[in-house]
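Enquirer: Structure file final_28.cif, mmCIF, C-alpha atoms, is pasted below:
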```cif
data_data
#
loop_
_atom_site.label_atom_id
_atom_site.label_comp_id
_atom_site.auth_asym_id
_atom_site.auth_seq_id
_atom_site.Cartn_x
_atom_site.Cartn_y
_atom_site.Cartn_z
CA GLU A 1403 0.00 0.00 0.00
CA ASP A 1404 2.86 2.43 0.69
CA GLN A 1405 4.24 1.69 -2.65
CA ARG A 1406 0.89 2.44 -4.19
CA ARG A 1407 0.69 5.72 -2.34
CA GLU A 1408 4.17 6.55 -3.42
CA GLU A 1409 3.29 5.79 -7.04
CA LEU A 1410 0.16 7.87 -6.73
CA ARG A 1411 2.14 10.75 -5.22
CA GLN A 1412 4.76 10.45 -7.94
CA ARG A 1413 2.05 10.40 -10.60
CA ARG A 1414 0.44 13.54 -9.10
CA ILE A 1415 3.82 15.27 -9.00
CA GLN A 1416 4.41 14.20 -12.58
CA GLU A 1417 0.96 15.48 -13.62
CA ALA A 1418 1.55 18.78 -11.77
CA ARG A 1419 4.89 19.15 -13.54
CA GLU A 1420 3.21 18.35 -16.85
CA ARG A 1421 0.45 20.92 -16.18
CA ALA A 1422 3.07 23.53 -15.19
CA ARG A 1423 5.07 22.73 -18.33
CA ARG A 1424 1.95 23.03 -20.53
CA LYS A 1425 1.00 26.27 -18.79
CA ARG A 1426 4.49 27.67 -19.42
CA GLU A 1427 4.28 26.58 -23.05
CA GLU A 1428 0.85 28.18 -23.38
CA GLU A 1429 2.14 31.38 -21.78
CA LEU A 1430 5.16 31.37 -24.09
CA GLU A 1431 2.91 30.70 -27.10
CA HIS A 1432 0.57 33.49 -25.99
CA ALA A 1433 3.54 35.87 -25.54
CA ARG A 1434 4.86 34.86 -28.96
CA ARG A 1435 1.45 35.47 -30.55
CA MET A 1436 1.16 38.83 -28.80
CA ALA A 1437 4.65 39.81 -30.02
CA GLU A 1438 3.75 38.72 -33.55
CA GLU A 1439 0.48 40.68 -33.39
CA GLN A 1440 2.31 43.77 -32.08
CA GLU A 1441 4.90 43.42 -34.84
CA ARG A 1442 2.14 43.01 -37.44
CA LEU A 1443 0.35 46.11 -36.10
CA ARG A 1444 3.63 48.07 -36.06
CA LEU A 1445 4.38 47.07 -39.67
CA GLN A 1446 0.80 47.91 -40.68
CA GLN A 1447 1.08 51.34 -39.02
CA GLU A 1448 4.42 51.94 -40.72
CA ALA A 1449 2.93 50.95 -44.09
CA GLU A 1450 -0.08 53.23 -43.50
CA GLU A 1451 2.22 56.09 -42.47
CA ALA A 1452 4.42 55.52 -45.54
CA GLU A 1453 1.31 55.49 -47.77
CA ARG A 1454 -0.01 58.67 -46.12
CA LYS A 1455 3.36 60.34 -46.58
CA ARG A 1456 3.51 59.18 -50.21
CA ARG A 1457 0.01 60.58 -50.84
CA GLU A 1458 0.98 63.90 -49.19
CA GLU A 1459 4.15 64.10 -51.29
CA GLU A 1460 2.19 63.31 -54.45
CA ALA A 1461 -0.41 65.96 -53.56
CA GLU A 1462 2.37 68.49 -52.95
CA ARG A 1463 4.03 67.54 -56.24
CA GLN A 1464 0.71 67.95 -58.06
CA ARG A 1465 0.15 71.32 -56.34
CA GLN A 1466 3.60 72.48 -57.42
CA LEU A 1467 3.00 71.26 -61.00
CA GLU A 1468 -0.32 73.11 -61.10
CA ALA A 1469 1.31 76.27 -59.70
CA GLU A 1470 4.03 76.03 -62.37
CA ARG A 1471 1.41 75.48 -65.10
CA GLU A 1472 -0.51 78.51 -63.85
CA ARG A 1473 2.67 80.60 -63.70
CA LEU A 1474 3.53 79.61 -67.26
CA ALA A 1475 -0.03 80.32 -68.38
CA ARG A 1476 0.21 83.84 -66.96
CA MET A 1477 3.49 84.60 -68.71
CA PRO A 1478 3.27 86.72 -71.86
CA LYS A 1479 3.51 84.73 -75.08
CA PRO A 1480 5.26 85.90 -78.25
CA CYS A 1481 2.84 87.54 -80.67
CA VAL A 1482 2.03 85.14 -83.49
CA ASP A 1483 1.24 87.94 -85.95
CA CYS A 1484 4.62 89.71 -85.76
CA ASP A 1485 6.66 86.74 -84.44
CA GLY A 1486 7.55 88.78 -81.36
CA SER A 1487 9.20 91.66 -83.23
CA GLY A 1488 6.49 94.23 -82.45
CA LYS A 1489 6.58 95.45 -86.06
CA CYS A 1490 3.51 95.48 -88.28
CA PRO A 1491 3.61 92.28 -90.36
CA ASP A 1492 2.14 94.03 -93.42
CA CYS A 1493 4.59 96.96 -93.72
CA GLN A 1494 7.52 95.52 -91.66
CA GLY A 1495 7.33 98.50 -89.31
CA GLN A 1496 7.59 101.25 -91.95
CA GLY A 1497 4.00 102.47 -91.57
CA PHE A 1498 3.35 102.40 -95.31
CA VAL A 1499 3.38 100.04 -98.25
CA GLN A 1500 4.36 100.78 -101.83
CA VAL A 1501 1.48 100.59 -104.30
CA MET A 1502 1.51 100.87 -108.07
CA VAL A 1503 -0.78 103.59 -109.35
CA LEU A 1504 -1.47 103.05 -113.02
CA ALA A 1505 -1.94 105.96 -115.39
CA PRO A 1506 -5.33 106.13 -117.07
CA VAL A 1507 -3.73 106.84 -120.46
CA VAL A 1508 -0.36 105.76 -121.74
CA GLY A 1509 1.53 108.24 -123.84
CA GLU A 1510 3.08 111.68 -124.19
CA PRO A 1511 0.17 113.91 -123.23
CA LEU A 1512 -0.02 112.42 -119.67
CA MET A 1513 3.68 112.91 -119.05
CA GLN A 1514 3.54 116.50 -120.21
CA SER A 1515 0.51 117.24 -118.10
CA SER A 1516 2.12 115.78 -114.96
CA GLU A 1517 5.28 117.83 -115.49
CA THR A 1518 3.35 121.04 -115.78
CA SER A 1519 1.00 120.41 -112.89
CA GLY A 1520 3.74 119.18 -110.53
CA THR A 1521 1.72 116.18 -109.31
CA GLN A 1522 2.20 112.61 -110.32
CA ASN A 1523 -0.88 110.42 -110.21
CA HIS A 1524 0.79 107.26 -111.48
CA GLY A 1525 3.78 105.01 -110.72
CA ARG A 1526 4.96 103.71 -107.33
CA ALA A 1527 3.54 105.65 -104.42
CA PRO A 1528 3.42 105.08 -100.66
CA GLN A 1529 0.09 104.18 -99.14
CA GLY A 1530 -0.56 104.27 -95.41
CA CYS A 1531 -0.56 100.75 -93.98
CA LEU A 1532 -4.15 99.85 -93.08
CA ALA A 1533 -3.01 97.12 -90.65
CA CYS A 1534 -1.27 99.67 -88.39
CA TYR A 1535 -3.83 102.47 -88.71
CA GLY A 1536 -2.42 104.34 -91.72
CA ARG A 1537 -4.52 105.39 -94.73
CA GLY A 1538 -4.55 107.10 -98.08
CA ASP A 1539 -2.02 107.47 -100.89
CA ASN A 1540 -2.39 111.13 -101.98
CA ALA A 1541 -3.92 109.85 -105.20
CA LEU A 1542 -7.14 107.91 -105.29
CA ASN A 1543 -7.60 106.96 -101.64
CA GLY A 1544 -7.35 110.35 -99.96
CA PRO A 1545 -4.49 112.04 -98.15
CA PHE A 1546 -1.50 109.92 -97.13
CA VAL A 1547 -1.32 109.20 -93.38
CA LYS A 1548 1.56 107.02 -92.29
CA GLY A 1549 0.68 104.11 -89.98
CA THR A 1550 2.30 103.49 -86.60
CA GLY A 1551 4.45 100.62 -87.89
CA CYS A 1552 3.54 98.67 -84.75
CA CYS A 1553 1.80 95.32 -84.76
CA ALA A 1554 -1.89 95.90 -84.07
CA ALA A 1555 -2.30 92.57 -82.26
CA CYS A 1556 0.36 93.22 -79.58
CA LYS A 1557 0.47 97.02 -79.92
CA GLY A 1558 4.17 96.90 -80.75
CA VAL A 1559 5.23 95.06 -77.60
CA GLY A 1560 5.93 91.74 -79.30
CA LYS A 1561 4.18 89.76 -76.58
CA ILE A 1562 0.57 89.01 -75.76
CA THR A 1563 -0.52 88.88 -72.15
CA PRO A 1564 -2.77 85.84 -71.86
CA VAL A 1565 -6.35 85.99 -70.68
CA ILE A 1566 -6.73 83.64 -67.71
CA LYS A 1567 -9.79 81.44 -66.99
CA GLY A 1568 -9.30 78.92 -69.76
CA PHE A 1569 -9.60 81.17 -72.80
CA LYS A 1570 -6.98 81.06 -75.49
CA SER A 1571 -4.49 83.85 -74.81
CA TYR A 1572 -4.19 85.15 -78.36
CA ARG A 1573 -5.58 84.57 -81.80
CA THR A 1574 -3.99 84.86 -85.18
CA ARG A 1575 -5.31 87.38 -87.64
CA ALA A 1576 -6.78 84.53 -89.71
CA GLU A 1577 -8.74 83.32 -86.67
CA VAL A 1578 -10.03 86.83 -85.97
CA ASP A 1579 -11.01 87.36 -89.62
CA ASP A 1580 -12.61 83.91 -89.96
CA PRO A 1581 -15.81 83.76 -87.86
CA GLY A 1582 -16.03 79.99 -88.51
CA SER A 1583 -12.74 79.38 -86.71
CA PRO A 1584 -13.04 77.45 -83.43
CA ASN A 1585 -10.94 80.17 -81.77
CA ALA A 1586 -12.88 83.10 -83.21
CA ALA A 1587 -14.34 85.63 -80.81
CA ARG A 1588 -17.91 84.82 -79.81
#
```
If you convert what's in this file into structure tokens, what do you get?
Expert:
Amino acid sequence: EDQRREELRQRRIQEARERARRKREEELEHARRMAEEQERLRLQQEAEEAERKRREEEAERQRQLEAERERLARMPKPCVDCDGSGKCPDCQGQGFVQVMVLAPVVGEPLMQSSETSGTQNHGRAPQGCLACYGRGDNALNGPFVKGTGCCAACKGVGKITPVIKGFKSYRTRAEVDDPGSPNAAR
């Protein structure tokens, strides 16, 4: 009977040791799981923070690109009519163009009459450039008035200041003259 008691006591001790060992293993497993979960949460937070930072950087980059686009849109553009020279494209800045005035009659009597009167109503004569606000030729079209020689589109500056709010900043003379053009004034 003592031996039986001793075996029973030994078995209980063994079972207690086994329960303590299992409990330690469970505690270690629980601690390992908790550490893994904390590590997973830390990595997830780092990934979320990196994504948030990436989105913020992308938004800032887009804002800077938009600011640069707007700055470029506000900058004056070279005039397409005068290619940035500021000179009238029709008269090259002279304010007049040469026109050929033909005589109504060819022959001696016209030459003699022009010599005696002192006026010449035929041959090459300057005519005020209509594109830069000149007019006339002292012959058929009234008195000669020299034009400004400046491009009418850019007023002689050579650059066009754009109109903001999505409208095209400048139009070519062909677009202004052609009402069917998609860029024509409405």
Enquirer: Could you pull the residues within 12 Å of Cys1481 of chain A, counting all atoms listed in the file, minus those fewer than 3 positions along the same chain, as number ranges by chain?
Expert: A: 1478, 1484-1491, 1552-1564, 1571-1575
Enquirer: Distance atom CA of Gly1495 of chain A-atom CA of Thr1550 of chain A, one decimal place?
Expert: 7.6 Å
Enquirer: Using the chain letters and numbers from this file, what does the PyMOL selection byres ((chain A and resi 1539) around 12) select? Give the answer as number ranges by chain.
Expert: A: 1498-1503, 1522-1532, 1536-1538, 1540-1549
